[in-house]
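Trainee: Here it is, the structure, as structure tokens.
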Amino acid sequence: MLKDKIKALIAGPVAWMGEHFPVTLVRLRYFVRFHKLPNFKNPQNLNEKILYQKLFTDTSEWTRLADKYRVREYVRECGLEDILVPLYGAWERVEDINFDELPQQFILKANNGDGKGTNLKIDKAKMSDEDWKRLRLTLQEWLSRKHIGALSAEPQYRNIKPMILAEKLLPSPAGQTSLVDYKLWCFNGEPHSFFVCSNRKDNGYQAQFGCYDLDWTSRPDRMVLTSHFSAEDKPIPRPECLQRILEVGRILSKPFPQVRVDLYEAEGQVWFGELTFTCLGGMTNYFTEEYMEEMGQCFDVK
């Protein structure tokens with residue numbers, strides 16, 4: 001509890017720094033996490049290059065693509081409308097949501113959310129009157145978040161207009177508490193490797209993870225355990241739609257030096273999750289230093 005209170009106390013000043021002095025904030029956060037300063041004159045590893053991109057390059061297109069509602073336009077433009085999860089509605093006000101018109105089960109998302117506590121699975125049969133009241137308060141709180149990226153100086157979130165989305169609830173695989181999240185890292189329009197999250201907790205902060213190459217060989221040697229991510233109980237089975245996943249990754253990542261294309265497999269097909277340009281805000285700590293260097297050499301930022 002004390003730790004949470006301290007975090008809440010410093011969140012305001014940190015967000016202010018993210019808005020007005022992003023380079024200083026990034027240097028401080030990087031030093032706290034890695035006990036060294038990032039190299040911006042000659043960035044080398046994956047984190048340094050992501051940080052350089054978000055601080056010193058044109059990220060204006062990232063805003064549309066980080067918006068979970070507007071990114072659907074981009075997916076359609078790429079000829080991939082078939083991978084979009086069916087959308088039941090999108091609202092700027094909680095008062096406009098008619099829950100009676102929604103199916104028995106669905107998922108609610110904040111369009112500017114980072115996946116940590118801004119996704120909710122809803123089963124109307126299990127909701128009490130008190131649950132509905134709490135849900136509306138939660139959704140109102142989501143809509144009050146104007147720039148969630150300020151804490152990590154992520155510019156793409158600054159101009160996203162908050163909305164609530166309702167989508168089809170995709171079924172989780174047998175034996176999993178959540179969908180398997182196939183996070184396909186791509187460089188210069190070519191898939192490189194997978195970071196795979198499974199058995200994710202409802203709060204979004206904890207999950208099991210693994211690293212796989214494009215042939216679906218497990219590479220635990222590339223990973224480092226953290227408080228948020230634990231090792232898989234056993235390797236995730238090779239996805240049935242692996243080749244389609246790689247094809248989708250190539251199409252969606254084509255214009256960008258680096259982007260992580262997050263996808264799901266359910267009901268015998270590939271589904272779009274999101275595009276991630278600043279993984280952990282450029283502070284990724286679940287890969288080994290050697291692997292971070294290897295990935296950093298796969299693309300240029302200048």
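Please note that chains go A, B, ... in the order of the structure tokens, that every chain numbers its residues from 1, and that ligands are numbered from 1 in the order shown.
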Hey, which bits of segment 118-213 of chain A sit within 10 Å of segment 61-75 of chain A, and for each residue what's the closest pair of atoms and how far apart in Å (one decimal), counting only C-alpha atoms, rows by chain and increasing number, as a Markdown table?

Mentor:
| residue | atom | partner | partner_atom | distance |
| --- | --- | --- | --- | --- |
| A:Glu154 | CA | A:Thr63 | CA | 9.9 |
| A:Pro155 | CA | A:Thr63 | CA | 7.8 |
| A:Gln156 | CA | A:Thr63 | CA | 4.3 |
| A:Tyr157 | CA | A:Thr63 | CA | 6.1 |
| A:Arg158 | CA | A:Thr63 | CA | 7.7 |
| A:Asn159 | CA | A:Thr63 | CA | 6.8 |
| A:Ile160 | CA | A:Asp67 | CA | 6.3 |
| A:Lys161 | CA | A:Asp67 | CA | 8.5 |
| A:Pro162 | CA | A:Asp67 | CA | 8.9 |
| A:Met163 | CA | A:Tyr69 | CA | 8.1 |
| A:Ile164 | CA | A:Tyr69 | CA | 9.0 |
| A:Leu165 | CA | A:Tyr69 | CA | 7.5 |

Trainee: Hey, what's within 9 Å of segment 83-95 of chain A if we count only C-alpha atoms and toss same-chain stuff fewer than 4 positions away? As a PDB file with N, CA and C atoms, in the first residue's frame, please?

Mentor:
ATOM      1  N   TYR A  69      -8.817   2.538 -31.896  1.00  0.00           N
ATOM      2  CA  TYR A  69      -9.953   2.724 -32.803  1.00  0.00           C
ATOM      3  C   TYR A  69      -9.477   3.130 -34.192  1.00  0.00           C
ATOM      4  N   ARG A  72      -7.657   0.805 -36.855  1.00  0.00           N
ATOM      5  CA  ARG A  72      -8.462  -0.070 -37.698  1.00  0.00           C
ATOM      6  C   ARG A  72      -8.511   0.458 -39.143  1.00  0.00           C
ATOM      7  N   VAL A  75      -5.331  -0.806 -40.810  1.00  0.00           N
ATOM      8  CA  VAL A  75      -5.422  -2.232 -41.123  1.00  0.00           C
ATOM      9  C   VAL A  75      -6.268  -2.433 -42.385  1.00  0.00           C
ATOM     10  N   ARG A  76      -7.353  -1.690 -42.510  1.00  0.00           N
ATOM     11  CA  ARG A  76      -8.183  -1.776 -43.726  1.00  0.00           C
ATOM     12  C   ARG A  76      -7.405  -1.295 -44.951  1.00  0.00           C
ATOM     13  N   LEU A 102     -25.771  -4.732 -26.327  1.00  0.00           N
ATOM     14  CA  LEU A 102     -24.544  -5.507 -26.506  1.00  0.00           C
ATOM     15  C   LEU A 102     -24.817  -6.984 -26.233  1.00  0.00           C
ATOM     16  N   PRO A 103     -24.014  -7.884 -26.811  1.00  0.00           N
ATOM     17  CA  PRO A 103     -24.238  -9.319 -26.585  1.00  0.00           C
ATOM     18  C   PRO A 103     -23.976  -9.713 -25.137  1.00  0.00           C
ATOM     19  N   PHE A 106     -18.658  -9.753 -23.995  1.00  0.00           N
ATOM     20  CA  PHE A 106     -17.879  -8.873 -24.868  1.00  0.00           C
ATOM     21  C   PHE A 106     -16.691  -8.360 -24.072  1.00  0.00           C
ATOM     22  N   ASN A 111      -9.392   3.122 -25.942  1.00  0.00           N
ATOM     23  CA  ASN A 111      -8.650   3.219 -27.203  1.00  0.00           C
ATOM     24  C   ASN A 111      -7.250   3.767 -27.015  1.00  0.00           C
ATOM     25  N   ARG A 136     -19.311   1.541 -14.657  1.00  0.00           N
ATOM     26  CA  ARG A 136     -19.480   2.877 -15.223  1.00  0.00           C
ATOM     27  C   ARG A 136     -18.464   3.861 -14.648  1.00  0.00           C
ATOM     28  N   LEU A 137     -18.178   3.732 -13.356  1.00  0.00           N
ATOM     29  CA  LEU A 137     -17.158   4.596 -12.742  1.00  0.00           C
ATOM     30  C   LEU A 137     -15.779   4.315 -13.334  1.00  0.00           C
ATOM     31  N   LEU A 139     -15.108   3.100 -16.343  1.00  0.00           N
ATOM     32  CA  LEU A 139     -15.073   3.602 -17.711  1.00  0.00           C
ATOM     33  C   LEU A 139     -14.930   5.125 -17.733  1.00  0.00           C
ATOM     34  N   GLN A 140     -15.591   5.800 -16.783  1.00  0.00           N
ATOM     35  CA  GLN A 140     -15.455   7.254 -16.697  1.00  0.00           C
ATOM     36  C   GLN A 140     -14.017   7.635 -16.372  1.00  0.00           C
ATOM     37  N   LEU A 143     -11.898   7.421 -19.481  1.00  0.00           N
ATOM     38  CA  LEU A 143     -12.092   8.559 -20.375  1.00  0.00           C
ATOM     39  C   LEU A 143     -11.422   9.834 -19.863  1.00  0.00           C
ATOM     40  N   LYS A 161      -7.884  11.095 -28.711  1.00  0.00           N
ATOM     41  CA  LYS A 161      -9.120  11.447 -28.010  1.00  0.00           C
ATOM     42  C   LYS A 161      -9.678  10.200 -27.345  1.00  0.00           C
ATOM     43  N   PRO A 162      -9.840  10.188 -26.018  1.00  0.00           N
ATOM     44  CA  PRO A 162     -10.261   8.968 -25.316  1.00  0.00           C
ATOM     45  C   PRO A 162     -11.630   8.463 -25.751  1.00  0.00           C
ATOM     46  N   MET A 163     -11.719   7.154 -25.925  1.00  0.00           N
ATOM     47  CA  MET A 163     -12.974   6.500 -26.280  1.00  0.00           C
ATOM     48  C   MET A 163     -13.038   5.141 -25.584  1.00  0.00           C
ATOM     49  N   ILE A 164     -14.234   4.613 -25.480  1.00  0.00           N
ATOM     50  CA  ILE A 164     -14.465   3.262 -24.989  1.00  0.00           C
ATOM     51  C   ILE A 164     -14.887   2.399 -26.166  1.00  0.00           C
ATOM     52  N   LEU A 165     -14.265   1.256 -26.333  1.00  0.00           N
ATOM     53  CA  LEU A 165     -14.594   0.329 -27.408  1.00  0.00           C
ATOM     54  C   LEU A 165     -15.188  -0.947 -26.825  1.00  0.00           C
ATOM     55  N   ALA A 166     -16.155  -1.514 -27.541  1.00  0.00           N
ATOM     56  CA  ALA A 166     -16.694  -2.830 -27.198  1.00  0.00           C
ATOM     57  C   ALA A 166     -16.455  -3.748 -28.385  1.00  0.00           C
ATOM     58  N   GLU A 167     -15.768  -4.862 -28.144  1.00  0.00           N
ATOM     59  CA  GLU A 167     -15.428  -5.802 -29.200  1.00  0.00           C
ATOM     60  C   GLU A 167     -15.893  -7.208 -28.844  1.00  0.00           C
ATOM     61  N   LYS A 168     -15.919  -8.049 -29.844  1.00  0.00           N
ATOM     62  CA  LYS A 168     -16.217  -9.463 -29.636  1.00  0.00           C
ATOM     63  C   LYS A 168     -15.187 -10.071 -28.696  1.00  0.00           C
ATOM     64  N   LEU A 169     -15.647 -10.901 -27.773  1.00  0.00           N
ATOM     65  CA  LEU A 169     -14.751 -11.594 -26.856  1.00  0.00           C
ATOM     66  C   LEU A 169     -14.293 -12.885 -27.525  1.00  0.00           C
ATOM     67  N   LEU A 170     -13.023 -12.934 -27.897  1.00  0.00           N
ATOM     68  CA  LEU A 170     -12.473 -14.122 -28.544  1.00  0.00           C
ATOM     69  C   LEU A 170     -12.210 -15.200 -27.507  1.00  0.00           C
ATOM     70  N   VAL A 248       0.965 -11.306 -42.280  1.00  0.00           N
ATOM     71  CA  VAL A 248       0.335 -10.102 -41.736  1.00  0.00           C
ATOM     72  C   VAL A 248       1.389  -9.168 -41.154  1.00  0.00           C
ATOM     73  N   GLN A 269      -8.308 -18.539 -37.152  1.00  0.00           N
ATOM     74  CA  GLN A 269      -7.767 -17.452 -37.960  1.00  0.00           C
ATOM     75  C   GLN A 269      -6.954 -16.480 -37.113  1.00  0.00           C
ATOM     76  N   VAL A 270      -6.280 -15.564 -37.797  1.00  0.00           N
ATOM     77  CA  VAL A 270      -5.460 -14.540 -37.150  1.00  0.00           C
ATOM     78  C   VAL A 270      -6.321 -13.313 -36.884  1.00  0.00           C
ATOM     79  N   TRP A 271      -6.109 -12.707 -35.703  1.00  0.00           N
ATOM     80  CA  TRP A 271      -6.826 -11.483 -35.328  1.00  0.00           C
ATOM     81  C   TRP A 271      -5.813 -10.403 -34.956  1.00  0.00           C
ATOM     82  N   PHE A 272      -6.143  -9.172 -35.295  1.00  0.00           N
ATOM     83  CA  PHE A 272      -5.269  -8.040 -34.993  1.00  0.00           C
ATOM     84  C   PHE A 272      -5.422  -7.594 -33.546  1.00  0.00           C
ATOM     85  N   GLY A 273      -4.293  -7.317 -32.889  1.00  0.00           N
ATOM     86  CA  GLY A 273      -4.304  -6.763 -31.538  1.00  0.00           C
ATOM     87  C   GLY A 273      -3.974  -5.282 -31.544  1.00  0.00           C
TER      88      GLY A 273
END

Trainee: Can you list, as a VMD selection string, all residues belonging to segment 10-210 of chain A that DSSP tags as strand (DSSP E or B)?

Mentor: chain A and resid 87 to 91 105 to 110 119 to 123 164 to 167 181 to 187 190 to 198 207 to 210

Trainee: For the atom pair atom CA of Ile251 of chain A and atom CA of Gly189 of chain A, what is the interatomic distance in Å to one decimal place?

Mentor: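 About the pair atom CA of Ile251 of chain A and atom CA of Gly189 of chain A: they are 7.2 Å apart.
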
Trainee: Name the residues in contact with Glu19 of chain A at a cut-off of 9 Å, using only C-alpha atoms, excluding same-chain residues fewer than 4 positions from it; report them as a list in words.

Mentor: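 My reading of the contact set: Val14, Ala15, Ala150, Leu151, Ala153, Pro155 and Arg158 of chain A.
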
Trainee: Ranking A:Arg260, A:Gly113, A:Ser178, A:Pro237 by minimum distance to His147 of chain A and counting only C-alpha atoms, which one comes first?

Mentor: A:Gly113

Trainee: I want to know what sits within 12 Å of Tyr212 of chain A, based on only C-alpha atoms, with residues of the same chain fewer than 5 positions away left out; could you give that as JSON, numbers by chain?

Mentor: {"A": [182, 183, 184, 185, 191, 192, 193, 194, 195, 196, 197, 217, 218, 219, 220, 221, 222, 223, 232, 235, 236, 237, 238, 239, 242]}

Trainee: Kindly give the distance, in Å, that separates atom CA of Asn39 of chain A and atom CA of Ser152 of chain A, rounded to a single decimal.

Mentor: 17.4 Å
